[in-house]
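Data from final_35.cif: mmCIF, C-alpha atoms and all ligand atoms
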```cif
data_final
loop_
_atom_site.group_PDB
_atom_site.id
_atom_site.type_symbol
_atom_site.label_atom_id
_atom_site.label_comp_id
_atom_site.auth_asym_id
_atom_site.auth_seq_id
_atom_site.Cartn_x
_atom_site.Cartn_y
_atom_site.Cartn_z
ATOM 1 C CA GLY A 283 -2.267 17.237 10.671
ATOM 2 C CA SER A 284 -0.544 17.896 13.963
ATOM 3 C CA ALA A 285 2.857 16.393 14.620
ATOM 4 C CA LEU A 286 2.927 12.789 15.751
ATOM 5 C CA PRO A 287 5.814 11.006 17.446
ATOM 6 C CA ARG A 288 7.769 8.758 15.091
ATOM 7 C CA PRO A 289 8.159 5.179 16.303
ATOM 8 C CA ARG A 290 11.676 4.074 17.275
ATOM 9 C CA ALA A 291 11.559 1.228 14.767
ATOM 10 C CA THR A 292 9.269 0.398 11.864
ATOM 11 C CA ARG A 293 5.915 -0.880 13.130
ATOM 12 C CA VAL A 294 4.449 -3.613 10.944
ATOM 13 C CA PHE A 295 0.712 -4.172 11.340
ATOM 14 C CA THR A 296 -1.333 -6.906 9.804
ATOM 15 C CA VAL A 297 -4.981 -5.897 9.510
ATOM 16 C CA ALA A 298 -6.854 -9.120 9.998
ATOM 17 C CA ASN A 299 -10.293 -10.566 10.554
ATOM 18 C CA GLN A 300 -11.391 -13.728 8.793
ATOM 19 C CA LYS A 301 -14.835 -12.268 8.241
ATOM 20 C CA GLY A 302 -15.279 -10.295 5.008
ATOM 21 C CA GLY A 303 -16.803 -6.827 4.878
ATOM 22 C CA VAL A 304 -15.802 -5.764 8.393
ATOM 23 C CA GLY A 305 -13.611 -2.824 7.328
ATOM 24 C CA LYS A 306 -10.115 -4.336 6.963
ATOM 25 C CA THR A 307 -9.332 -2.658 3.654
ATOM 26 C CA THR A 308 -10.999 0.610 4.613
ATOM 27 C CA THR A 309 -8.998 0.659 7.847
ATOM 28 C CA THR A 310 -5.698 -0.201 6.124
ATOM 29 C CA VAL A 311 -6.106 2.536 3.531
ATOM 30 C CA ASN A 312 -7.338 5.267 5.836
ATOM 31 C CA LEU A 313 -4.911 4.679 8.694
ATOM 32 C CA ALA A 314 -2.048 4.551 6.192
ATOM 33 C CA ALA A 315 -3.238 7.816 4.622
ATOM 34 C CA ALA A 316 -3.859 9.477 7.991
ATOM 35 C CA LEU A 317 -0.351 8.658 9.201
ATOM 36 C CA ALA A 318 1.184 9.765 5.886
ATOM 37 C CA LYS A 319 -0.716 13.037 6.144
ATOM 38 C CA ALA A 320 0.994 13.578 9.487
ATOM 39 C CA GLY A 321 4.349 13.140 7.751
ATOM 40 C CA MET A 322 4.970 9.490 8.620
ATOM 41 C CA ARG A 323 6.574 7.281 5.967
ATOM 42 C CA VAL A 324 4.023 4.561 5.332
ATOM 43 C CA LEU A 325 3.863 1.432 3.158
ATOM 44 C CA ALA A 326 0.584 -0.381 2.523
ATOM 45 C CA ILE A 327 0.861 -3.964 1.277
ATOM 46 C CA ASP A 328 -2.194 -5.329 -0.513
ATOM 47 C CA LEU A 329 -2.460 -9.089 0.016
ATOM 48 C CA ASP A 330 -6.066 -9.435 -1.125
ATOM 49 C CA PRO A 331 -6.502 -10.673 -4.734
ATOM 50 C CA GLN A 332 -9.451 -8.264 -4.992
ATOM 51 C CA GLY A 333 -6.935 -5.401 -4.898
ATOM 52 C CA ASN A 334 -9.340 -3.021 -3.183
ATOM 53 C CA ALA A 335 -6.598 -1.338 -1.142
ATOM 54 C CA SER A 336 -4.595 -0.742 -4.331
ATOM 55 C CA THR A 337 -7.652 0.820 -5.985
ATOM 56 C CA ALA A 338 -8.405 3.031 -3.006
ATOM 57 C CA LEU A 339 -4.812 4.287 -2.873
ATOM 58 C CA GLY A 340 -4.894 5.148 -6.570
ATOM 59 C CA VAL A 341 -2.109 2.760 -7.660
ATOM 60 C CA GLU A 342 -2.139 0.714 -10.838
ATOM 61 C CA HIS A 343 -2.961 -2.980 -10.474
ATOM 62 C CA ARG A 344 -3.898 -4.241 -13.889
ATOM 63 C CA HIS A 345 -3.635 -7.880 -14.867
ATOM 64 C CA ASP A 346 -0.037 -7.360 -16.073
ATOM 65 C CA THR A 347 1.164 -5.029 -13.291
ATOM 66 C CA ILE A 348 4.082 -6.471 -11.327
ATOM 67 C CA SER A 349 2.596 -7.059 -7.886
ATOM 68 C CA VAL A 350 2.862 -8.714 -4.497
ATOM 69 C CA TYR A 351 2.137 -11.955 -6.349
ATOM 70 C CA ASP A 352 5.536 -11.759 -8.036
ATOM 71 C CA VAL A 353 7.161 -11.167 -4.638
ATOM 72 C CA ILE A 354 5.439 -14.003 -2.802
ATOM 73 C CA VAL A 355 5.355 -16.651 -5.511
ATOM 74 C CA GLY A 356 8.214 -15.446 -7.702
ATOM 75 C CA ASP A 357 11.406 -13.906 -6.438
ATOM 76 C CA ALA A 358 10.779 -10.276 -7.334
ATOM 77 C CA PRO A 359 12.106 -7.808 -4.752
ATOM 78 C CA LEU A 360 9.478 -5.555 -3.160
ATOM 79 C CA SER A 361 11.373 -2.556 -4.556
ATOM 80 C CA ASP A 362 10.263 -3.604 -8.074
ATOM 81 C CA VAL A 363 6.630 -3.642 -6.989
ATOM 82 C CA VAL A 364 6.105 -0.716 -4.631
ATOM 83 C CA GLN A 365 4.437 2.335 -6.190
ATOM 84 C CA LYS A 366 4.101 5.839 -4.818
ATOM 85 C CA SER A 367 0.492 6.637 -3.982
ATOM 86 C CA PRO A 368 -0.621 9.876 -5.651
ATOM 87 C CA GLU A 369 -2.199 10.958 -2.362
ATOM 88 C CA PHE A 370 0.781 11.820 -0.185
ATOM 89 C CA ASP A 371 4.531 12.158 -0.684
ATOM 90 C CA THR A 372 5.252 9.689 2.096
ATOM 91 C CA LEU A 373 2.729 6.991 1.144
ATOM 92 C CA TRP A 374 3.568 3.902 -0.909
ATOM 93 C CA CYS A 375 1.634 0.802 -1.885
ATOM 94 C CA ALA A 376 2.629 -2.692 -2.978
ATOM 95 C CA PRO A 377 -0.368 -3.586 -5.168
ATOM 96 C CA ALA A 378 -2.235 -6.869 -5.435
ATOM 97 C CA THR A 379 -3.395 -8.362 -8.711
ATOM 98 C CA ILE A 380 -5.881 -11.099 -9.431
ATOM 99 C CA HIS A 381 -2.966 -13.562 -9.788
ATOM 100 C CA LEU A 382 -2.799 -13.630 -5.991
ATOM 101 C CA ALA A 383 -5.958 -15.741 -6.055
ATOM 102 C CA GLY A 384 -3.801 -18.636 -7.252
ATOM 103 C CA ALA A 385 -1.037 -17.975 -4.753
ATOM 104 C CA GLU A 386 -2.695 -19.982 -1.963
ATOM 105 C CA ILE A 387 -2.220 -23.111 -4.078
ATOM 106 C CA GLU A 388 1.145 -22.190 -5.599
ATOM 107 C CA LEU A 389 2.638 -21.429 -2.188
ATOM 108 C CA VAL A 390 1.964 -24.938 -0.880
ATOM 109 C CA SER A 391 4.926 -26.453 -2.695
ATOM 110 C CA LEU A 392 7.394 -23.603 -2.093
ATOM 111 C CA VAL A 393 10.263 -23.641 0.385
ATOM 112 C CA ALA A 394 9.694 -21.516 3.518
ATOM 113 C CA ARG A 395 6.202 -20.851 2.264
ATOM 114 C CA GLU A 396 5.106 -19.066 5.456
ATOM 115 C CA GLN A 397 8.116 -16.730 5.526
ATOM 116 C CA ARG A 398 8.159 -15.364 1.997
ATOM 117 C CA LEU A 399 6.633 -11.961 2.714
ATOM 118 C CA ARG A 400 8.700 -11.565 5.880
ATOM 119 C CA THR A 401 11.932 -12.189 3.998
ATOM 120 C CA ALA A 402 11.014 -9.822 1.157
ATOM 121 C CA LEU A 403 9.807 -7.087 3.520
ATOM 122 C CA GLY A 404 12.904 -7.397 5.711
ATOM 123 C CA ALA A 405 15.162 -6.948 2.676
ATOM 124 C CA TYR A 406 13.125 -3.998 1.449
ATOM 125 C CA LEU A 407 12.991 -2.193 4.793
ATOM 126 C CA SER A 408 16.691 -2.587 5.452
ATOM 127 C CA SER A 409 17.608 -1.272 1.996
ATOM 128 C CA ALA A 410 15.232 1.736 2.045
ATOM 129 C CA GLU A 411 17.148 4.999 1.778
ATOM 130 C CA GLU A 412 15.054 6.401 4.633
ATOM 131 C CA ARG A 413 13.356 4.404 7.369
ATOM 132 C CA PHE A 414 9.661 3.569 7.075
ATOM 133 C CA ASP A 415 7.589 4.363 10.146
ATOM 134 C CA TYR A 416 4.610 2.116 9.435
ATOM 135 C CA VAL A 417 3.692 -0.854 7.292
ATOM 136 C CA PHE A 418 0.060 -1.999 7.038
ATOM 137 C CA ILE A 419 -0.749 -5.333 5.424
ATOM 138 C CA ASP A 420 -4.306 -5.777 4.165
ATOM 139 C CA CYS A 421 -5.370 -9.431 4.435
ATOM 140 C CA PRO A 422 -7.919 -11.426 2.470
ATOM 141 C CA PRO A 423 -10.963 -12.629 4.441
ATOM 142 C CA SER A 424 -9.705 -16.143 5.107
ATOM 143 C CA ILE A 425 -6.977 -17.903 7.040
ATOM 144 C CA GLY A 426 -4.782 -19.364 4.322
ATOM 145 C CA LEU A 427 -1.125 -19.081 3.418
ATOM 146 C CA LEU A 428 -1.460 -15.436 2.372
ATOM 147 C CA THR A 429 -2.822 -14.408 5.755
ATOM 148 C CA ILE A 430 -0.222 -16.603 7.471
ATOM 149 C CA ASN A 431 2.484 -14.779 5.475
ATOM 150 C CA ALA A 432 1.068 -11.497 6.783
ATOM 151 C CA PHE A 433 1.068 -12.740 10.400
ATOM 152 C CA VAL A 434 4.651 -13.936 10.068
ATOM 153 C CA ALA A 435 5.829 -10.641 8.533
ATOM 154 C CA ALA A 436 4.150 -8.439 11.161
ATOM 155 C CA THR A 437 4.814 -7.567 14.769
ATOM 156 C CA GLU A 438 1.339 -6.252 15.542
ATOM 157 C CA VAL A 439 -2.153 -7.399 14.658
ATOM 158 C CA LEU A 440 -4.865 -4.774 14.208
ATOM 159 C CA ILE A 441 -8.385 -6.184 14.271
ATOM 160 C CA PRO A 442 -11.243 -4.092 12.904
ATOM 161 C CA ILE A 443 -14.560 -5.016 14.462
ATOM 162 C CA GLN A 444 -17.801 -4.248 12.742
ATOM 163 C CA CYS A 445 -20.263 -2.968 15.327
ATOM 164 C CA GLU A 446 -23.219 -4.272 13.340
ATOM 165 C CA TYR A 447 -22.731 -7.893 14.085
ATOM 166 C CA TYR A 448 -22.126 -9.975 17.168
ATOM 167 C CA ALA A 449 -18.364 -10.111 16.845
ATOM 168 C CA LEU A 450 -16.891 -11.871 19.871
ATOM 169 C CA GLU A 451 -17.291 -15.452 18.652
ATOM 170 C CA GLY A 452 -15.361 -14.888 15.433
ATOM 171 C CA LEU A 453 -12.791 -13.018 17.468
ATOM 172 C CA SER A 454 -11.882 -15.956 19.703
ATOM 173 C CA GLN A 455 -11.173 -18.062 16.605
ATOM 174 C CA LEU A 456 -8.903 -15.319 15.268
ATOM 175 C CA LEU A 457 -7.093 -15.015 18.612
ATOM 176 C CA ARG A 458 -6.480 -18.776 18.669
ATOM 177 C CA ASN A 459 -4.892 -18.522 15.239
ATOM 178 C CA VAL A 460 -2.691 -15.628 16.347
ATOM 179 C CA ASP A 461 -1.597 -17.736 19.352
ATOM 180 C CA LEU A 462 -0.635 -20.597 17.051
ATOM 181 C CA ILE A 463 1.393 -18.285 14.829
ATOM 182 C CA GLU A 464 3.088 -16.787 17.876
ATOM 183 C CA LYS A 465 4.016 -20.234 19.220
ATOM 184 C CA HIS A 466 5.253 -21.764 16.006
ATOM 185 C CA LEU A 467 6.221 -19.088 13.511
ATOM 186 C CA ASN A 468 6.525 -15.567 14.952
ATOM 187 C CA PRO A 469 7.141 -15.128 18.697
ATOM 188 C CA GLN A 470 7.007 -11.302 18.347
ATOM 189 C CA LEU A 471 3.394 -11.190 17.207
ATOM 190 C CA THR A 472 0.841 -9.487 19.480
ATOM 191 C CA VAL A 473 -2.702 -8.250 19.056
ATOM 192 C CA SER A 474 -1.937 -4.632 19.887
ATOM 193 C CA THR A 475 -4.963 -2.828 18.503
ATOM 194 C CA ILE A 476 -8.698 -3.310 18.088
ATOM 195 C CA LEU A 477 -10.717 -0.697 16.202
ATOM 196 C CA LEU A 478 -14.497 -0.478 16.344
ATOM 197 C CA THR A 479 -15.872 0.372 12.893
ATOM 198 C CA MET A 480 -19.197 1.078 11.179
ATOM 199 C CA PHE A 481 -20.533 2.295 14.490
ATOM 200 C CA ASP A 482 -24.062 3.658 14.554
ATOM 201 C CA GLY A 483 -24.685 4.956 18.061
ATOM 202 C CA ARG A 484 -28.453 4.995 17.530
ATOM 203 C CA THR A 485 -28.657 1.223 17.515
ATOM 204 C CA ARG A 486 -28.717 -0.936 20.598
ATOM 205 C CA LEU A 487 -26.633 -3.630 18.861
ATOM 206 C CA ALA A 488 -23.736 -1.255 18.093
ATOM 207 C CA ASN A 489 -23.606 -0.077 21.697
ATOM 208 C CA ASP A 490 -23.787 -3.641 23.025
ATOM 209 C CA VAL A 491 -20.991 -4.843 20.727
ATOM 210 C CA ALA A 492 -18.780 -1.877 21.631
ATOM 211 C CA GLU A 493 -19.330 -2.379 25.354
ATOM 212 C CA ASP A 494 -18.659 -6.100 25.118
ATOM 213 C CA VAL A 495 -15.445 -5.739 23.153
ATOM 214 C CA ARG A 496 -14.169 -3.012 25.516
ATOM 215 C CA LYS A 497 -14.903 -5.211 28.533
ATOM 216 C CA HIS A 498 -12.951 -8.140 27.096
ATOM 217 C CA PHE A 499 -10.050 -6.182 25.568
ATOM 218 C CA PRO A 500 -9.650 -2.985 27.606
ATOM 219 C CA GLU A 501 -5.989 -2.557 26.642
ATOM 220 C CA GLN A 502 -6.359 -3.098 22.919
ATOM 221 C CA VAL A 503 -9.511 -1.205 21.957
ATOM 222 C CA LEU A 504 -8.859 2.329 20.714
ATOM 223 C CA GLY A 505 -10.907 5.128 22.252
ATOM 224 C CA SER A 506 -11.661 6.452 18.768
ATOM 225 C CA VAL A 507 -14.552 4.753 17.016
ATOM 226 C CA ILE A 508 -15.172 4.827 13.256
ATOM 227 C CA PRO A 509 -18.783 5.821 12.489
ATOM 228 C CA ARG A 510 -20.780 4.341 9.645
ATOM 229 C CA ALA A 511 -20.375 7.174 7.149
ATOM 230 C CA VAL A 512 -21.309 7.503 3.504
ATOM 231 C CA ARG A 513 -18.155 9.492 2.646
ATOM 232 C CA ILE A 514 -16.005 6.554 3.784
ATOM 233 C CA SER A 515 -17.739 4.182 1.368
ATOM 234 C CA GLU A 516 -17.708 6.712 -1.508
ATOM 235 C CA ALA A 517 -13.985 7.517 -1.369
ATOM 236 C CA PRO A 518 -12.618 4.298 -3.009
ATOM 237 C CA SER A 519 -14.562 4.855 -6.231
ATOM 238 C CA HIS A 520 -12.623 8.128 -6.547
ATOM 239 C CA GLY A 521 -9.346 6.243 -6.068
ATOM 240 C CA GLN A 522 -8.798 8.026 -2.774
ATOM 241 C CA SER A 523 -8.779 7.547 0.950
ATOM 242 C CA VAL A 524 -11.457 9.494 2.808
ATOM 243 C CA ILE A 525 -8.568 11.470 4.313
ATOM 244 C CA THR A 526 -8.043 13.089 0.900
ATOM 245 C CA TYR A 527 -11.546 12.780 -0.509
ATOM 246 C CA ASP A 528 -13.280 14.667 2.300
ATOM 247 C CA PRO A 529 -10.759 15.530 5.031
ATOM 248 C CA ASN A 530 -13.221 17.282 7.344
ATOM 249 C CA SER A 531 -15.939 14.648 7.210
ATOM 250 C CA PRO A 532 -16.661 12.728 10.422
ATOM 251 C CA GLY A 533 -15.260 9.530 8.893
ATOM 252 C CA ALA A 534 -11.942 11.171 7.989
ATOM 253 C CA VAL A 535 -11.693 12.864 11.379
ATOM 254 C CA SER A 536 -12.288 9.545 13.179
ATOM 255 C CA TYR A 537 -9.512 7.802 11.193
ATOM 256 C CA LEU A 538 -7.156 10.744 11.880
ATOM 257 C CA GLU A 539 -7.920 10.408 15.596
ATOM 258 C CA ALA A 540 -7.396 6.644 15.541
ATOM 259 C CA ALA A 541 -4.045 7.146 13.760
ATOM 260 C CA GLY A 542 -3.018 9.653 16.430
ATOM 261 C CA GLU A 543 -3.834 7.161 19.187
ATOM 262 C CA ILE A 544 -1.872 4.411 17.472
ATOM 263 C CA ALA A 545 1.147 6.691 17.111
ATOM 264 C CA LYS A 546 1.030 7.814 20.729
ATOM 265 C CA ARG A 547 0.633 4.292 22.086
ATOM 266 C CA GLY A 548 3.575 3.095 20.021
ATOM 267 C CA ALA A 549 5.732 5.904 21.304
ATOM 268 C CA ALA A 550 4.971 4.924 24.891
ATOM 269 C CA ALA A 551 5.796 1.246 24.302
HETATM 270 P P1 LIG B 1 -13.112 -5.935 4.323
HETATM 271 O O1 LIG B 1 -11.806 -5.464 3.776
HETATM 272 O O2 LIG B 1 -13.021 -6.405 5.747
HETATM 273 O O3 LIG B 1 -13.779 -6.943 3.439
HETATM 274 P P2 LIG B 1 -14.049 -3.300 3.570
HETATM 275 O O4 LIG B 1 -13.102 -2.360 4.195
HETATM 276 O O5 LIG B 1 -13.889 -3.590 2.120
HETATM 277 O O6 LIG B 1 -14.081 -4.667 4.398
HETATM 278 O O7 LIG B 1 -15.528 -2.743 3.861
HETATM 279 C C1 LIG B 1 -16.684 -3.416 3.384
HETATM 280 C C2 LIG B 1 -17.651 -2.394 2.784
HETATM 281 O O8 LIG B 1 -18.098 -1.509 3.798
HETATM 282 C C3 LIG B 1 -17.009 -1.536 1.720
HETATM 283 O O9 LIG B 1 -17.972 -1.289 0.730
HETATM 284 C C4 LIG B 1 -16.661 -0.242 2.441
HETATM 285 O O10 LIG B 1 -16.664 0.881 1.585
HETATM 286 C C5 LIG B 1 -17.777 -0.162 3.468
HETATM 287 N N1 LIG B 1 -17.341 0.497 4.706
HETATM 288 C C6 LIG B 1 -16.273 0.211 5.467
HETATM 289 N N2 LIG B 1 -16.195 0.987 6.556
HETATM 290 C C7 LIG B 1 -17.274 1.824 6.485
HETATM 291 C C8 LIG B 1 -17.778 2.875 7.319
HETATM 292 N N3 LIG B 1 -17.170 3.217 8.466
HETATM 293 N N4 LIG B 1 -18.908 3.507 6.931
HETATM 294 C C9 LIG B 1 -19.540 3.158 5.786
HETATM 295 N N5 LIG B 1 -19.122 2.179 4.962
HETATM 296 C C10 LIG B 1 -18.011 1.509 5.305
HETATM 297 MG MG MG B 2 -10.726 -6.196 2.146
#
```
Write out the structure in this file as structure tokens.
Ligand code: ADP
Ligand code: MG
Amino acid sequence: GSALPRPRATRVFTVANQKGGVGKTTTTVNLAAALAKAGMRVLAIDLDPQGNASTALGVEHRHDTISVYDVIVGDAPLSDVVQKSPEFDTLWCAPATIHLAGAEIELVSLVAREQRLRTALGAYLSSAEERFDYVFIDCPPSIGLLTINAFVAATEVLIPIQCEYYALEGLSQLLRNVDLIEKHLNPQLTVSTILLTMFDGRTRLANDVAEDVRKHFPEQVLGSVIPRAVRISEAPSHGQSVITYDPNSPGAVSYLEAAGEIAKRGAAA
């Protein structure tokens, strides 16, 4: 990839949308890989008990693998959990295991239950031998304590929007939640980025959704759009991002372009 500007400080994105199947995990994995391919130092944190981001980045997340669960519910440092992704030398992943499914309940009785990921990530980032450029946190499809932990640990929210579904209603609910977090728990949090995904330009619905979202959020929506592409959906079963699996496919190229836009916007900020 061509050279991208490095951000002045680590940018921490939470990839959120309370609807399932809209492309959160796919976006987390492929933006992380695209930025790592351009030489950025990137950490992906898998907060979804399904562990799909861990699978797609080729890192181990068996039942007994030490994982983000042990960080959030136990007191394990992130450094014990983070694994190097086999894809790129500058890409790491903190895997999720199925134990995270119980974390929503276990967190309720813990002290500072909303801040646990933030505290662990802060300690990890400040002790890293070389600065990370990007962190992407993949959220489960619900607003519970895990997603709240992600919002509290992040500075930017990235919302993937599936262009196959009338998205604006669900979006206003999400934005209200982000406002609440900003007011009460994390004043730094902003919705910096919206990415249109699974776009099929032949359908009227996809064009209508894209136009609507751009009209309402002209600053946030990236110019790059992710097409609905078979290679994107095939890549995870090979334990790879589409960036590695088929780097010249339209899906890979669109994620590389989106990553470039994100990097350039951050440099200007
Ligand atoms: P979420 O994390 O929001 O639940 P995923 O990223 O897991 O959503 O995507 C849901 C499904 O859609 C997955 O099977 C994924 O492979 C597929 N998918 C995501 N983005 C695309 C795309 N641009 N083209 C084709 N399939 C996609
Ligand atoms: Mg997911």
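Comparing the minimum interatomic distances between ligand LIG 1 (chain B) and each of A:Leu487, A:Leu360, A:Met480, A:Val473, counting only C-alpha atoms and all ligand atoms, we find that A:Met480 sits nearest.
Residues in contact with Glu388 (chain A) at up to 12 Å, not including ones fewer than 2 positions away on its chain and judged by all atoms listed in the file, are A:Tyr351, A:Asp352, A:Ile354, A:Val355, A:Gly356, A:His381, A:Leu382, A:Ala383, A:Gly384, A:Ala385, A:Glu386, A:Val390, A:Ser391, A:Leu392, A:Val393, A:Arg395, A:Gly426, A:Leu427, A:Leu428.
Among the candidate residues A:Pro422, A:Pro469, A:Pro377, A:Pro331, the one lying nearest to ligand MG 2 (chain B) is A:Pro422, with distances computed using all atoms listed in the file.
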Next item on the list: Could the residues that lie within 6 Å of ligand LIG 1 (chain B), counting all atoms listed in the file, be listed as a PyMOL selection string?
Entry: chain A and resi 302-308+479-480+508-512+514-515
Checklist line | Best match for closeness to ligand MG 2 (chain B) among A:Glu539, A:Asp420, A:Asp362, A:Asp482, counting all atoms listed in the file | finding: A:Asp420
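Using only C-alpha atoms and all ligand atoms, the nearest neighbour of ligand MG 2 (chain B) within the list A:Cys421, A:Val363, A:Ala378, A:Ala405 is A:Cys421.
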Next item on the list: Could you check how far CA of Gly483 (chain A) sits from CA of Gln444 (chain A), in Å to one decimal?
Entry: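 Atom-to-atom, CA of Gly483 (chain A) to CA of Gln444 (chain A), that is 12.7 Å.
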Check: Which one is closest to ligand MG 2 (chain B): A:Ala540, A:Val311, A:Ile380, A:Val353? Count all atoms listed in the file.
Finding: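 Closest to ligand MG 2 (chain B), using all atoms listed in the file: A:Val311.
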Margin query: So that I can check the surroundings of Ala435 (chain A), please list as an MDAnalysis selection string every protein, DNA and RNA residue that reaches within 8 Å of it, counting only C-alpha atoms and ignoring chain neighbours fewer than 4 positions away.
Written below: chainID A and resid 294 397 399:401 403 431
Margin query: Let me make sure I understand: among A:Ile387, A:Leu538, A:Ala338, A:Ala320, which one has the smallest atom-to-atom distance to ligand MG 2 (chain B) if we use all atoms listed in the file?
Written below: A:Ala338
The centre and edge lengths of an axis-aligned box containing all atoms of region 491-509 of chain A present in the file, extended by 4 Å on each side, are to be given in Å to one decimal, as JSON.
```
{"center_x": -13.5, "center_y": -0.8, "center_z": 20.5, "size_x": 23.0, "size_y": 22.6, "size_z": 24.0}
```
Check: What residues have an atom no more than 9 Å from (-22.7, -3.2, 17.5) in the file's own frame, counting all atoms listed in the file, and can you write them as an MDAnalysis selection string?
Finding: chainID A and resid 443:449 478:483 485:493
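Taking all atoms listed in the file, the non-local environment of Val503 (chain A) within 7 Å (same-chain residues fewer than 2 positions away omitted) comprises Thr475, Ile476, Leu477, Arg496, Phe499, Pro500, Glu501 and Gly505 of chain A.
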Check: Any idea what the distance is between CA of Leu407 (chain A) and CA of Ala291 (chain A)?
Finding: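 Calculated distance between CA of Leu407 (chain A) and CA of Ala291 (chain A) is 10.6 Å.
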Item checked: Interatomic distance (Å, one decimal) between CA of Ser523 (chain A) and CA of Thr437 (chain A) -> 24.6 Å
Fix up region 284-298 of chain A with N, CA and C atoms, then write it as a PDB file, keeping the file's coordinate frame.
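Output saved as result.pdb:
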```pdb
ATOM      1  N   SER A 284      -1.498  17.504  12.930  1.00  0.00           N
ATOM      2  CA  SER A 284      -0.544  17.896  13.963  1.00  0.00           C
ATOM      3  C   SER A 284       0.581  16.869  14.025  1.00  0.00           C
ATOM      4  N   ALA A 285       1.697  17.276  14.594  1.00  0.00           N
ATOM      5  CA  ALA A 285       2.857  16.393  14.620  1.00  0.00           C
ATOM      6  C   ALA A 285       2.600  15.167  15.484  1.00  0.00           C
ATOM      7  N   LEU A 286       3.041  14.028  14.979  1.00  0.00           N
ATOM      8  CA  LEU A 286       2.927  12.789  15.751  1.00  0.00           C
ATOM      9  C   LEU A 286       4.332  12.287  16.042  1.00  0.00           C
ATOM     10  N   PRO A 287       4.493  11.582  17.174  1.00  0.00           N
ATOM     11  CA  PRO A 287       5.814  11.006  17.446  1.00  0.00           C
ATOM     12  C   PRO A 287       6.131   9.892  16.460  1.00  0.00           C
ATOM     13  N   ARG A 288       7.368   9.863  15.963  1.00  0.00           N
ATOM     14  CA  ARG A 288       7.769   8.758  15.091  1.00  0.00           C
ATOM     15  C   ARG A 288       8.138   7.561  15.950  1.00  0.00           C
ATOM     16  N   PRO A 289       7.769   6.350  15.513  1.00  0.00           N
ATOM     17  CA  PRO A 289       8.159   5.179  16.303  1.00  0.00           C
ATOM     18  C   PRO A 289       9.675   4.978  16.239  1.00  0.00           C
ATOM     19  N   ARG A 290      10.223   4.290  17.242  1.00  0.00           N
ATOM     20  CA  ARG A 290      11.676   4.074  17.275  1.00  0.00           C
ATOM     21  C   ARG A 290      12.134   3.112  16.188  1.00  0.00           C
ATOM     22  N   ALA A 291      11.257   2.159  15.858  1.00  0.00           N
ATOM     23  CA  ALA A 291      11.559   1.228  14.767  1.00  0.00           C
ATOM     24  C   ALA A 291      10.292   1.090  13.935  1.00  0.00           C
ATOM     25  N   THR A 292      10.432   0.569  12.737  1.00  0.00           N
ATOM     26  CA  THR A 292       9.269   0.398  11.864  1.00  0.00           C
ATOM     27  C   THR A 292       8.232  -0.514  12.540  1.00  0.00           C
ATOM     28  N   ARG A 293       6.996  -0.047  12.587  1.00  0.00           N
ATOM     29  CA  ARG A 293       5.915  -0.880  13.130  1.00  0.00           C
ATOM     30  C   ARG A 293       5.173  -1.537  11.970  1.00  0.00           C
ATOM     31  N   VAL A 294       5.092  -2.861  12.024  1.00  0.00           N
ATOM     32  CA  VAL A 294       4.449  -3.613  10.944  1.00  0.00           C
ATOM     33  C   VAL A 294       3.147  -4.220  11.455  1.00  0.00           C
ATOM     34  N   PHE A 295       2.039  -3.703  10.935  1.00  0.00           N
ATOM     35  CA  PHE A 295       0.712  -4.172  11.340  1.00  0.00           C
ATOM     36  C   PHE A 295       0.131  -5.089  10.284  1.00  0.00           C
ATOM     37  N   THR A 296      -0.473  -6.175  10.707  1.00  0.00           N
ATOM     38  CA  THR A 296      -1.333  -6.906   9.804  1.00  0.00           C
ATOM     39  C   THR A 296      -2.773  -6.628  10.216  1.00  0.00           C
ATOM     40  N   VAL A 297      -3.581  -6.242   9.242  1.00  0.00           N
ATOM     41  CA  VAL A 297      -4.981  -5.897   9.510  1.00  0.00           C
ATOM     42  C   VAL A 297      -5.809  -7.129   9.174  1.00  0.00           C
ATOM     43  N   ALA A 298      -6.298  -7.783  10.204  1.00  0.00           N
ATOM     44  CA  ALA A 298      -6.854  -9.120   9.998  1.00  0.00           C
ATOM     45  C   ALA A 298      -8.205  -9.297  10.664  1.00  0.00           C
TER      46      ALA A 298
END
```
